[in-house]
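Only one structure is covered here, and it is reproduced in the block below.
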Amino acid sequence: MPINRVAIVGAGMAGLTAALCFARHGIATDIFEEAAVLGEVGAGLQITPNASRILARLGVLPALESQWSEPDRIELVSGRSLRNIAYLPAGNFARSRWGAPYGLLHRATLQQTLLAAVQNTPGCWIHLDSAVNGDPAAALKAITGEDYDLYVGADGVWSNLRASVPGSPETDFSGNIAWRFTIDRKTAPSWLNRETVTAFLGPSTHLVAYPLKEVDSLNIVAIASGISPGETWDAEASEAQRAMLRSQFRGWNSNVVRLLEDAPKPTFWPLYQATNGRWQNGKDTVLIGDAAHAMMPFAAQGAAMAIEDAYLLAERVAGACPLRRPSPPSRPSGCHGLPRCAAGRSSIASPITHAARSASVATWFWHCARRSLWQPISTGSTASVRPETRRPSRHLIHYNI
Ligand SMILES: Cc1cc2nc3c(=O)[nH]c(=O)nc-3n(C[C@H](O)[C@H](O)[C@H](O)COP(=O)(O)OP(=O)(O)OC[C@H]3O[C@@H](n4cnc5c(N)ncnc54)[C@H](O)[C@@H]3O)c2cc1C
């Protein structure tokens with residue numbers, strides 16, 4: 001039986017992209033989003049060529065290119081001395097090497113651009129303020145009166161649709177917190193490069209800075225161990241929590257410590273990741289994006305993987321991999337193609353989620369290049385970017401450089 005009508009739960013990167021991808025194949029979608037308004041949630045995103053290539057096919061890349069910036073390079077810098085250690089060329093190099101751009105933008109910019117495209121695409125309907133709890137078929141029937149051929153769980157790290165997939169992943173607090181704030185680009189301290197992505201490596205913590213052209217700011221993300229405030233993004237930090245953040249950067253360059261001390265209204269969110277598990281129920285439900293494989297942000301690949309998932313799912317549903325085929329009468333009917341789709345995708349995404357678990361230099365930038373693309377800046381033994389000590393933290397590596 002062909003798939004004619006798809007319900008997508010969640011209007012994040014995965015859900016909105018999925019609606020656009022299904023529309024290319026003439027498949028109608030209803031998107032259900034619990035938020036009443038898609039506002040400015042989250043932080044900056046690095047959109048790597050594997051994702052921008054798909055965004056180009058969907059026709060949204062020009063709108064993004066007019067708002068984002070493309071860094072010339074991605075730099076590794078010592079958190080202690082602020083010495084440049086190595087860099088990876090990006091900008092024009094990325095375009096010619098990977099055939100697609102590497103862009104920096106705010107998550108809200110990407111989400112709004114995808115939303116505008118969805119709203120202008122026939123066959124895509126979005127239902128805001130429509131939380132889907134419990135059994136999706138029953139919940140959605142109550143909202144639209146429709147039955148759907150396929151339910152796509154694009155509802156993020158704390159997915160409700162996971163409960164419809166036996167053996168699906170569980171989420172696990174990583175023990176780490178991402179702190180985030182922006183500073184005005186014009187008044188940013190001179191040691192912060194305003195044009196590049198800079199990853200600072202230091203003792204037990206990790207800091208990344210890059211420009212967000214749309215808001216003329218630098219996006220700063222610091223990752224340190226911490227206690228989860230629960231299932232929330234963008235929690236506001238109390239004075240005690242700010243003091244804890246500063247103390248975790250003890251041993252870092254005093255300029256970095258001052259930057260954190262002066263941070264205007266830092267927000268933080270707990271980093272959860274999904275364990276291994278099934279992404280489909282063999283019948284009518286499939287998980288994509290963070291719902292399937294929420295990962296640590298060190299590989300800057302969560303949104304990119306969500307976009308890839310959406311694209312490949314629609315491709316398979318539309319033809320290459322038929323989801324339903326006649327079942328023998330003795331067996332319940334089901335979507336026999338779903339396991340194949342999910343298994344194929346899993347074989348791609350699993351090494352990435354694995355890589356994203358570690359903050360080592362090689363994995364943090366694994367998506368950008370093989371090691372041979374890294375250009376060392378300084379020479380001598382101190383130029384090594386190997387971690388010298390491993391601390392008990394499950395993810396953060398102690399770089400003594
Ligand atoms: C600090 C940090 C930095 C990051 N940097 C990068 C980066 O540089 N590059 C990159 O590619 N990725 C990055 N990521 C990862 C990226 O943000 C996520 O992987 C991505 O947003 C996942 O998209 P998604 O659509 O799967 O989920 P989400 O964006 O979380 O969207 C899920 C949607 O579902 C809705 N929803 C939830 N429950 C329900 C329900 N019951 N009913 C209806 N709607 C519901 C939510 O409101 C939300 O709109 C970063 C993450 C962090 C934490």
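By convention here, the chains of the structure tokens are called A, B, ... in the order presented, each chain's residues are numbered starting at 1, and ligands are numbered starting at 1 in the order presented.
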
Report task. Go through stretch 225-276 of chain A and collect every residue that DSSP, computed from the backbone, puts in strand (DSSP E or B); the answer should be as a PyMOL selection string. Result -> chain A and resi 225+235-236+267-274

May I have the selected residues written with N, CA and C atoms, as a PDB file, in the first residue's frame?
ATOM      1  N   SER A 225      31.329  19.690  33.274  1.00  0.00           N
ATOM      2  CA  SER A 225      30.473  18.738  33.967  1.00  0.00           C
ATOM      3  C   SER A 225      29.497  19.502  34.871  1.00  0.00           C
ATOM      4  N   ALA A 235      17.907  26.938  30.316  1.00  0.00           N
ATOM      5  CA  ALA A 235      17.614  27.320  31.701  1.00  0.00           C
ATOM      6  C   ALA A 235      18.508  28.502  32.071  1.00  0.00           C
ATOM      7  N   GLU A 236      17.963  29.438  32.846  1.00  0.00           N
ATOM      8  CA  GLU A 236      18.798  30.584  33.253  1.00  0.00           C
ATOM      9  C   GLU A 236      19.643  30.203  34.446  1.00  0.00           C
ATOM     10  N   THR A 267      22.844  31.029  29.626  1.00  0.00           N
ATOM     11  CA  THR A 267      21.843  29.989  29.844  1.00  0.00           C
ATOM     12  C   THR A 267      22.569  28.650  29.764  1.00  0.00           C
ATOM     13  N   PHE A 268      21.949  27.629  30.248  1.00  0.00           N
ATOM     14  CA  PHE A 268      22.614  26.335  30.166  1.00  0.00           C
ATOM     15  C   PHE A 268      21.590  25.252  29.903  1.00  0.00           C
ATOM     16  N   TRP A 269      22.064  24.207  29.275  1.00  0.00           N
ATOM     17  CA  TRP A 269      21.173  23.059  29.143  1.00  0.00           C
ATOM     18  C   TRP A 269      21.938  21.769  29.289  1.00  0.00           C
ATOM     19  N   PRO A 270      21.221  20.789  29.863  1.00  0.00           N
ATOM     20  CA  PRO A 270      21.862  19.506  30.143  1.00  0.00           C
ATOM     21  C   PRO A 270      22.056  18.737  28.844  1.00  0.00           C
ATOM     22  N   LEU A 271      23.152  18.052  28.722  1.00  0.00           N
ATOM     23  CA  LEU A 271      23.419  17.281  27.508  1.00  0.00           C
ATOM     24  C   LEU A 271      23.021  15.826  27.742  1.00  0.00           C
ATOM     25  N   TYR A 272      21.989  15.430  27.044  1.00  0.00           N
ATOM     26  CA  TYR A 272      21.524  14.046  27.100  1.00  0.00           C
ATOM     27  C   TYR A 272      21.925  13.363  25.804  1.00  0.00           C
ATOM     28  N   GLN A 273      22.097  12.083  25.861  1.00  0.00           N
ATOM     29  CA  GLN A 273      22.323  11.352  24.624  1.00  0.00           C
ATOM     30  C   GLN A 273      21.503  10.065  24.646  1.00  0.00           C
ATOM     31  N   ALA A 274      21.224   9.586  23.439  1.00  0.00           N
ATOM     32  CA  ALA A 274      20.402   8.386  23.322  1.00  0.00           C
ATOM     33  C   ALA A 274      21.290   7.152  23.342  1.00  0.00           C
TER      34      ALA A 274
END

With 6 Å as the cut-off and only C-alpha atoms and all ligand atoms counted, what is the closest atom pair between each nearby residue of chain A and ligand 1? Distances in Å to one decimal, ordered by chain and number, as a tab-separated table.
residue	atom	partner	partner_atom_place_in_ligand_line	distance
A:Val9	CA	ligand 1	43 (C)	5.2
A:Gly10	CA	ligand 1	34 (O)	3.2
A:Ala11	CA	ligand 1	49 (O)	4.6
A:Gly12	CA	ligand 1	31 (O)	3.4
A:Met13	CA	ligand 1	25 (O)	3.8
A:Ala14	CA	ligand 1	25 (O)	3.7
A:Gly15	CA	ligand 1	25 (O)	5.6
A:Phe32	CA	ligand 1	43 (C)	5.4
A:Glu33	CA	ligand 1	44 (N)	3.7
A:Glu34	CA	ligand 1	43 (C)	3.9
A:Ala35	CA	ligand 1	47 (O)	5.3
A:Leu45	CA	ligand 1	8 (O)	3.7
A:Gln46	CA	ligand 1	8 (O)	3.6
A:Ile47	CA	ligand 1	9 (N)	5.5
A:Ser130	CA	ligand 1	43 (C)	5.9
A:Ala131	CA	ligand 1	42 (N)	3.6
A:Val132	CA	ligand 1	42 (N)	3.9
A:Asn133	CA	ligand 1	41 (N)	5.2
A:Ala154	CA	ligand 1	26 (O)	5.4
A:Asp155	CA	ligand 1	34 (O)	3.5
A:Gly156	CA	ligand 1	27 (O)	3.7
A:Ser159	CA	ligand 1	38 (N)	5.6
A:Asn160	CA	ligand 1	41 (N)	5.2
A:Ala178	CA	ligand 1	1 (C)	5.2
A:Gly289	CA	ligand 1	26 (O)	3.5
A:Asp290	CA	ligand 1	26 (O)	3.8
A:Ala291	CA	ligand 1	26 (O)	5.8
A:Pro297	CA	ligand 1	50 (C)	4.8
A:Ala300	CA	ligand 1	7 (C)	3.7
A:Gln301	CA	ligand 1	11 (O)	3.7
A:Gly302	CA	ligand 1	19 (O)	3.0
A:Ala303	CA	ligand 1	11 (O)	3.4
A:Ala304	CA	ligand 1	11 (O)	4.1
A:Ala306	CA	ligand 1	26 (O)	5.3

Create the file for the chosen residues now, containing C-alpha atoms and written as a short mmCIF file (atom, residue, chain, number, x, y, z; two decimals), in the first residue's frame.
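Result went into again_23.cif, see below:
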data_model
loop_
_atom_site.label_atom_id
_atom_site.label_comp_id
_atom_site.auth_asym_id
_atom_site.auth_seq_id
_atom_site.Cartn_x
_atom_site.Cartn_y
_atom_site.Cartn_z
CA VAL A 9 5.56 14.98 15.41
CA GLY A 10 7.94 17.88 16.14
CA ALA A 11 8.77 20.98 14.10
CA GLY A 12 12.50 21.11 14.78
CA MET A 13 15.18 20.57 12.14
CA ALA A 14 14.18 16.94 11.57
CA GLY A 15 10.42 17.48 11.34
CA PHE A 32 2.32 18.60 15.01
CA GLU A 33 4.36 20.83 17.28
CA GLU A 34 3.75 21.33 20.98
CA ALA A 35 5.09 24.92 21.04
CA LEU A 45 24.65 25.88 14.71
CA GLN A 46 27.47 24.90 12.41
CA ILE A 47 25.90 23.50 9.26
CA SER A 130 -0.47 20.56 19.38
CA ALA A 131 1.39 18.34 21.81
CA VAL A 132 1.20 14.66 20.92
CA ASN A 133 1.19 12.57 24.06
CA ALA A 154 10.86 14.01 15.15
CA ASP A 155 10.11 15.13 18.68
CA GLY A 156 13.63 15.54 19.93
CA SER A 159 10.65 12.01 22.43
CA ASN A 160 7.14 10.82 23.26
CA ALA A 178 26.43 23.27 27.80
CA GLY A 289 16.86 13.22 14.52
CA ASP A 290 17.47 13.55 18.24
CA ALA A 291 14.49 11.27 18.94
CA PRO A 297 27.55 18.29 20.49
CA ALA A 300 28.48 19.48 15.61
CA GLN A 301 26.36 16.92 13.80
CA GLY A 302 23.02 16.59 15.62
CA ALA A 303 21.07 18.92 13.31
CA ALA A 304 23.02 17.74 10.28
CA ALA A 306 18.48 15.13 11.58
#

Query raised in the report: When you draw a straight line from atom CA of A:Leu115 to atom CA of A:Pro62, how long is it in Å?
Result: 14.8 Å

Requested in this report: Mind the document's chain letters and residue numbers, and return as a ChimeraX atom specification the residues of stretch 168-280 of chain A that DSSP labels helix (DSSP H, G or I).
Outcome: /A:213-215,239-248,254-261

Find the residues around A:Trp125 up to 8 Å (only C-alpha atoms counted), leave out those fewer than 3 positions away in its own chain, and share them as a PDB file with N, CA and C atoms, in the first residue's frame.
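As written to disk, selection15.pdb reads:
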ATOM      1  N   THR A  29       1.898  15.874   4.272  1.00  0.00           N
ATOM      2  CA  THR A  29       2.274  15.714   5.686  1.00  0.00           C
ATOM      3  C   THR A  29       1.501  16.692   6.568  1.00  0.00           C
ATOM      4  N   ASP A  30       1.233  16.247   7.770  1.00  0.00           N
ATOM      5  CA  ASP A  30       0.765  17.128   8.844  1.00  0.00           C
ATOM      6  C   ASP A  30       1.856  17.130   9.891  1.00  0.00           C
ATOM      7  N   ILE A  31       2.310  18.328  10.291  1.00  0.00           N
ATOM      8  CA  ILE A  31       3.327  18.424  11.350  1.00  0.00           C
ATOM      9  C   ILE A  31       2.623  18.902  12.618  1.00  0.00           C
ATOM     10  N   VAL A 118       8.123  25.433   4.467  1.00  0.00           N
ATOM     11  CA  VAL A 118       7.005  24.504   4.703  1.00  0.00           C
ATOM     12  C   VAL A 118       5.677  25.212   4.452  1.00  0.00           C
ATOM     13  N   GLN A 119       5.583  26.446   4.970  1.00  0.00           N
ATOM     14  CA  GLN A 119       4.305  27.175   4.827  1.00  0.00           C
ATOM     15  C   GLN A 119       4.008  27.518   3.372  1.00  0.00           C
TER      16      GLN A 119
END

Report task. Rank A:Ile288, A:Pro2, A:Leu110, A:Met244 by their smallest atom-to-atom distance to A:Ala63, using only C-alpha atoms, and report the top residue only. Result -> A:Leu110

Requested in this report: Point out the residue among A:Trp179, A:Trp68, A:Tyr151, A:Phe173 with the least atom-to-atom distance to A:Ala263, counting only C-alpha atoms.
Outcome: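 Ranking A:Trp179, A:Trp68, A:Tyr151, A:Phe173 by distance to A:Ala263, first place goes to A:Trp179.
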